[in-house]
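*Asks:* Okay, here's the structure, questions in a sec.
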Amino acid sequence: MRPALAVGLVFSGCCSNVVFLELLAREFPGCGNIVTFAQFLFIALEGFISEANFGRKRPAIPIRYYLIMVAMFFTVSVVNNYALNLNIAMPLHMIFRSGSLIASMVLGIIILKKRYSVSKYTSIALVSVGIFICTLMSAKQVASKSSVSEEDGLHVFLWWLLGIAALTFALLMSARMGIFQETIYKQFGKHSKEALFYNHALPLPGFLLLAPDIYAHAVLFNQSEPFQVPGIGLTLPIMWFYLAMNVLTQYVCIRGVFILTTECASLTVTLVVTLRKFVSLIFSILYFKNPFTAWHWLGTLFVFVGTLMYTEVWNSLGPLLARQRKEAKKE
């Protein structure tokens, strides 16, 4: 029952979160900082009550390790959201972030001296080709849209390249954080809920550096059209409603993944998260009518097939289905 609930939370929370994030980004493309701050603040407050017991519970992992982890997590979150300011379309944003396997493998080879099978390298090659195709096609779209004047076109394209560089940096930093977490968990054991709290609470002072931008967007949000919340009759600016829903759905998604990691094998978690990304991508394309060519679809197919190959879903599903058939015959 709990795994089914977790899958439902992941799909409903994460897919809804993408919708509200795109609604925010379409109206105010530079709102990434206020969105990140709101998400961090909400999860930190919830964790302070439920996990830290109002500060009375001592952390199982020393704070100095969390400070390192937090520096990386904060950077990744801010850079990923800020990339939306740099002419990066939401579908490309999602596809690019699906390339975390590539970054994890590269850093695993360099830092942990890991070696992988031929099938792993093949799957990573598929993911790399898929991301390259999608990025190349998006680059052509950016160039064609901004061809009003050569100077403006170059300016827009350079900002887009900066966005790609930001996503690449965030991808590598996220993979490095994963390796750091892996070594810490081996030493102190897994404390995922505690880590979730400290990863969101400790970076909050860092948002003081972004305070002018956050305040400016808060003022813009206040000036948005009024919206009456269905069911409760409360009226508030529509951008604040979008932000509140984005934060709540982000929390639902994170809680779903947390339940999933405690109830299911890591392979199942990876499969569910991968499928969720694919559904979110399809929804974003259809609902918001984002430009998506046949080449984009081909690249997306490469990314997701490569991801499923990497997790060796096919090898695991075969014995599982065979076992279920034997059990059905016995009955």
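Naming scheme: A, B, ... for chains in displayed order of the structure tokens; residues 1 onward per chain; ligands 1 onward as shown.
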Just list the residues in segment 112-316 of chain A DSSP gives strand (DSSP E) on the backbone, as an MDAnalysis selection string.
*Replies:* chainID A and resid 226:228 235:237
*Asks:* Take the residues that were just selected and, keeping C-alpha atoms, output them as a CSV table (one decimal), in the first residue's frame.
*Replies:*
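Result file is selection19.csv:
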chain,number,residue,atom,x,y,z
A,226,PRO,CA,-5.9,38.9,-8.1
A,227,PHE,CA,-7.0,35.2,-8.0
A,228,GLN,CA,-9.7,33.6,-5.8
A,235,THR,CA,-8.2,36.2,-2.9
A,236,LEU,CA,-4.5,36.8,-3.4
A,237,PRO,CA,-2.2,37.8,-6.3
*Asks:* Determine, counting only C-alpha atoms, which protein, DNA and RNA residues have an atom within 9 Å of an atom of Met94 of chain A; residues of the same chain fewer than 5 positions away are not included. Present the result as an MDAnalysis selection string.
*Replies:* chainID A and resid 89 277:278 280:281
*Asks:* Using the selection just defined, write its residues with N, CA and C atoms as a PDB file, in the first residue's frame.
*Replies:*
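Result file again.pdb:
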ATOM      1  N   ALA A  89      14.519  26.594 -22.422  1.00  0.00           N
ATOM      2  CA  ALA A  89      13.120  26.145 -22.383  1.00  0.00           C
ATOM      3  C   ALA A  89      12.968  25.021 -21.361  1.00  0.00           C
ATOM      4  N   LYS A 277       9.985  11.796 -14.898  1.00  0.00           N
ATOM      5  CA  LYS A 277      10.585  12.840 -15.728  1.00  0.00           C
ATOM      6  C   LYS A 277       9.998  12.814 -17.139  1.00  0.00           C
ATOM      7  N   PHE A 278       9.814  11.597 -17.661  1.00  0.00           N
ATOM      8  CA  PHE A 278       9.271  11.461 -19.009  1.00  0.00           C
ATOM      9  C   PHE A 278       7.833  11.988 -19.074  1.00  0.00           C
ATOM     10  N   SER A 280       6.446  14.183 -17.030  1.00  0.00           N
ATOM     11  CA  SER A 280       6.510  15.640 -16.853  1.00  0.00           C
ATOM     12  C   SER A 280       6.868  16.334 -18.166  1.00  0.00           C
ATOM     13  N   LEU A 281       7.815  15.743 -18.890  1.00  0.00           N
ATOM     14  CA  LEU A 281       8.241  16.299 -20.172  1.00  0.00           C
ATOM     15  C   LEU A 281       7.089  16.313 -21.173  1.00  0.00           C
TER      16      LEU A 281
END
*Asks:* Find the residues around Ala166 of chain A up to 8 Å (only C-alpha atoms counted), leave out those fewer than 6 positions away in its own chain, and share them as number ranges by chain.
*Replies:* A: 79-80, 83
*Asks:* Contacts of Met90 of chain A at 12 Å or less, counting only C-alpha atoms, minus same-chain residues fewer than 3 places along, as number ranges by chain?
*Replies:* A: 18-26, 29, 80-81, 83-87, 93-97, 138, 163, 277, 280-285, 288-292
*Asks:* Just give me the gap between atom CA of Val7 of chain A and atom CA of Ile259 of chain A in Å, one decimal is fine.
*Replies:* 8.9 Å
*Asks:* Which of these residues is nearest to Ile238 of chain A, using only C-alpha atoms: A:Gly299, A:Glu27, A:Gly189, A:Arg176?
*Replies:*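 For Ile238 of chain A, the nearest of the candidates is A:Glu27.
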*Asks:* Just checking: using only C-alpha atoms, which residue out of A:Ala103, A:Leu308, A:Leu209, A:Val219 ends up closest to Ala170 of chain A?
*Replies:*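 Smallest separation from Ala170 of chain A among the options: A:Ala103.
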*Asks:* From segment 130-306 of chain A, collect each residue whose DSSP state is helix (DSSP H, G or I) and return the set as a PyMOL selection string.
*Replies:* chain A and resi 130-145+150-188+192-201+204-222+238-263+266-288+294-306
*Asks:* Could the residues in this selection be saved with C-alpha atoms as a tab-separated table (two decimals), in the first residue's frame?
*Replies:*
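Dumped to result00.tsv:
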chain	number	residue	atom	x	y	z
A	130	GLY	CA	20.21	12.18	-26.86
A	131	ILE	CA	21.15	15.30	-24.91
A	132	PHE	CA	23.41	16.47	-27.74
A	133	ILE	CA	20.57	16.13	-30.30
A	134	CYS	CA	18.08	18.00	-28.08
A	135	THR	CA	20.61	20.73	-27.28
A	136	LEU	CA	21.56	21.18	-30.96
A	137	MET	CA	17.92	21.40	-32.07
A	138	SER	CA	17.13	23.89	-29.28
A	139	ALA	CA	20.12	25.97	-30.35
A	140	LYS	CA	18.71	26.16	-33.88
A	141	GLN	CA	15.32	27.25	-32.49
A	142	VAL	CA	16.93	29.98	-30.38
A	143	ALA	CA	18.89	31.21	-33.40
A	144	SER	CA	15.82	31.24	-35.70
A	145	LYS	CA	13.56	32.97	-33.14
A	150	GLU	CA	21.99	39.82	-36.31
A	151	GLU	CA	23.18	41.67	-33.20
A	152	ASP	CA	20.09	40.73	-31.14
A	153	GLY	CA	20.29	37.15	-32.37
A	154	LEU	CA	23.91	36.83	-31.25
A	155	HIS	CA	23.06	38.36	-27.87
A	156	VAL	CA	20.19	35.90	-27.25
A	157	PHE	CA	22.29	32.96	-28.44
A	158	LEU	CA	25.19	33.86	-26.12
A	159	TRP	CA	22.78	34.00	-23.16
A	160	TRP	CA	21.47	30.57	-24.19
A	161	LEU	CA	25.05	29.22	-24.29
A	162	LEU	CA	25.57	30.60	-20.78
A	163	GLY	CA	22.41	28.74	-19.73
A	164	ILE	CA	23.82	25.48	-21.15
A	165	ALA	CA	27.09	26.13	-19.28
A	166	ALA	CA	25.11	26.73	-16.06
A	167	LEU	CA	23.19	23.45	-16.48
A	168	THR	CA	26.44	21.57	-17.18
A	169	PHE	CA	28.07	23.03	-14.07
A	170	ALA	CA	25.02	22.14	-11.93
A	171	LEU	CA	25.03	18.61	-13.35
A	172	LEU	CA	28.69	18.04	-12.41
A	173	MET	CA	28.27	19.66	-8.99
A	174	SER	CA	25.21	17.50	-8.29
A	175	ALA	CA	27.17	14.36	-9.20
A	176	ARG	CA	30.03	15.45	-6.92
A	177	MET	CA	27.54	15.98	-4.11
A	178	GLY	CA	26.19	12.46	-4.70
A	179	ILE	CA	29.68	10.98	-4.34
A	180	PHE	CA	30.25	13.01	-1.16
A	181	GLN	CA	26.92	11.79	0.27
A	182	GLU	CA	27.85	8.21	-0.60
A	183	THR	CA	31.09	8.40	1.39
A	184	ILE	CA	29.37	10.14	4.35
A	185	TYR	CA	26.53	7.59	4.50
A	186	LYS	CA	29.07	4.73	4.49
A	187	GLN	CA	30.72	6.26	7.54
A	188	PHE	CA	27.67	7.37	9.57
A	192	SER	CA	17.91	10.83	4.56
A	193	LYS	CA	15.23	12.81	6.44
A	194	GLU	CA	17.84	14.49	8.63
A	195	ALA	CA	19.90	15.31	5.53
A	196	LEU	CA	16.79	16.76	3.84
A	197	PHE	CA	16.27	19.13	6.80
A	198	TYR	CA	19.89	20.32	7.12
A	199	ASN	CA	20.34	20.64	3.34
A	200	HIS	CA	17.43	23.12	3.31
A	201	ALA	CA	17.89	24.85	6.70
A	204	LEU	CA	18.92	29.94	4.37
A	205	PRO	CA	21.42	32.69	5.45
A	206	GLY	CA	22.94	32.43	1.95
A	207	PHE	CA	19.74	33.88	0.50
A	208	LEU	CA	20.68	37.23	2.08
A	209	LEU	CA	23.07	37.60	-0.87
A	210	LEU	CA	20.04	37.28	-3.17
A	211	ALA	CA	17.72	39.45	-1.02
A	212	PRO	CA	17.44	42.40	-3.49
A	213	ASP	CA	16.36	40.08	-6.32
A	214	ILE	CA	13.95	38.17	-4.06
A	215	TYR	CA	12.40	41.43	-2.81
A	216	ALA	CA	12.07	42.82	-6.35
A	217	HIS	CA	10.17	39.72	-7.47
A	218	ALA	CA	8.00	39.78	-4.33
A	219	VAL	CA	6.92	43.29	-5.36
A	220	LEU	CA	6.21	42.09	-8.91
A	221	PHE	CA	4.21	39.13	-7.52
A	222	ASN	CA	2.11	41.57	-5.45
A	238	ILE	CA	-2.10	34.86	-8.77
A	239	MET	CA	1.71	34.66	-8.76
A	240	TRP	CA	1.70	34.02	-5.00
A	241	PHE	CA	-0.83	31.24	-5.59
A	242	TYR	CA	1.44	29.69	-8.23
A	243	LEU	CA	4.41	29.96	-5.85
A	244	ALA	CA	2.50	28.39	-2.94
A	245	MET	CA	1.36	25.51	-5.15
A	246	ASN	CA	4.89	25.05	-6.49
A	247	VAL	CA	6.25	24.79	-2.95
A	248	LEU	CA	3.53	22.39	-1.78
A	249	THR	CA	3.85	20.10	-4.81
A	250	GLN	CA	7.65	20.13	-4.43
A	251	TYR	CA	7.20	18.94	-0.85
A	252	VAL	CA	4.72	16.22	-1.92
A	253	CYS	CA	7.23	15.04	-4.55
A	254	ILE	CA	10.14	14.94	-2.06
A	255	ARG	CA	8.04	13.08	0.53
A	256	GLY	CA	7.00	10.58	-2.14
A	257	VAL	CA	10.61	9.89	-3.10
A	258	PHE	CA	11.54	9.59	0.60
A	259	ILE	CA	8.80	6.97	1.22
A	260	LEU	CA	9.84	5.17	-1.97
A	261	THR	CA	13.49	4.93	-0.87
A	262	THR	CA	12.45	3.39	2.47
A	263	GLU	CA	9.94	0.92	0.95
A	266	SER	CA	16.98	1.56	-5.46
A	267	LEU	CA	16.25	0.15	-8.92
A	268	THR	CA	12.52	0.74	-8.44
A	269	VAL	CA	13.17	4.27	-7.21
A	270	THR	CA	15.31	5.05	-10.27
A	271	LEU	CA	12.69	3.60	-12.61
A	272	VAL	CA	9.84	5.59	-11.03
A	273	VAL	CA	11.84	8.85	-11.05
A	274	THR	CA	12.85	8.29	-14.70
A	275	LEU	CA	9.27	7.61	-15.78
A	276	ARG	CA	8.13	10.66	-13.81
A	277	LYS	CA	10.59	12.84	-15.73
A	278	PHE	CA	9.27	11.46	-19.01
A	279	VAL	CA	5.62	12.11	-18.04
A	280	SER	CA	6.51	15.64	-16.85
A	281	LEU	CA	8.24	16.30	-20.17
A	282	ILE	CA	5.25	15.09	-22.23
A	283	PHE	CA	2.86	17.14	-20.08
A	284	SER	CA	4.99	20.28	-20.46
A	285	ILE	CA	5.09	19.87	-24.25
A	286	LEU	CA	1.36	19.20	-24.68
A	287	TYR	CA	-0.08	21.59	-22.05
A	288	PHE	CA	2.20	24.57	-22.74
A	294	ALA	CA	10.89	14.96	-34.35
A	295	TRP	CA	14.60	15.38	-33.56
A	296	HIS	CA	13.72	16.36	-29.99
A	297	TRP	CA	11.60	13.20	-29.67
A	298	LEU	CA	14.51	11.10	-30.99
A	299	GLY	CA	16.89	12.68	-28.50
A	300	THR	CA	14.40	12.15	-25.66
A	301	LEU	CA	14.04	8.49	-26.64
A	302	PHE	CA	17.82	8.05	-26.53
A	303	VAL	CA	17.98	9.66	-23.08
A	304	PHE	CA	15.29	7.51	-21.51
A	305	VAL	CA	16.32	4.22	-23.18
A	306	GLY	CA	19.90	4.90	-22.07
*Asks:* For the atom pair atom CA of Met105 of chain A and atom CA of Tyr310 of chain A, what is the interatomic distance in Å to one decimal place?
*Replies:*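 Going from atom CA of Met105 of chain A over to atom CA of Tyr310 of chain A, I get 10.5 Å.
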*Asks:* Kindly give the distance, in Å, that separates atom CA of Ala38 of chain A and atom CA of Val70 of chain A, rounded to a single decimal.
*Replies:*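 Atom CA of Val70 of chain A lies 16.5 Å from atom CA of Ala38 of chain A.
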*Asks:* Compare A:Cys15, A:Phe40, A:Ile34, A:Ile124 by their minimum atom-to-atom distance to Phe73 of chain A, counting only C-alpha atoms, and give me the closest one.
*Replies:*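 When distances to Phe73 of chain A are compared using only C-alpha atoms, the smallest one comes from A:Phe40.
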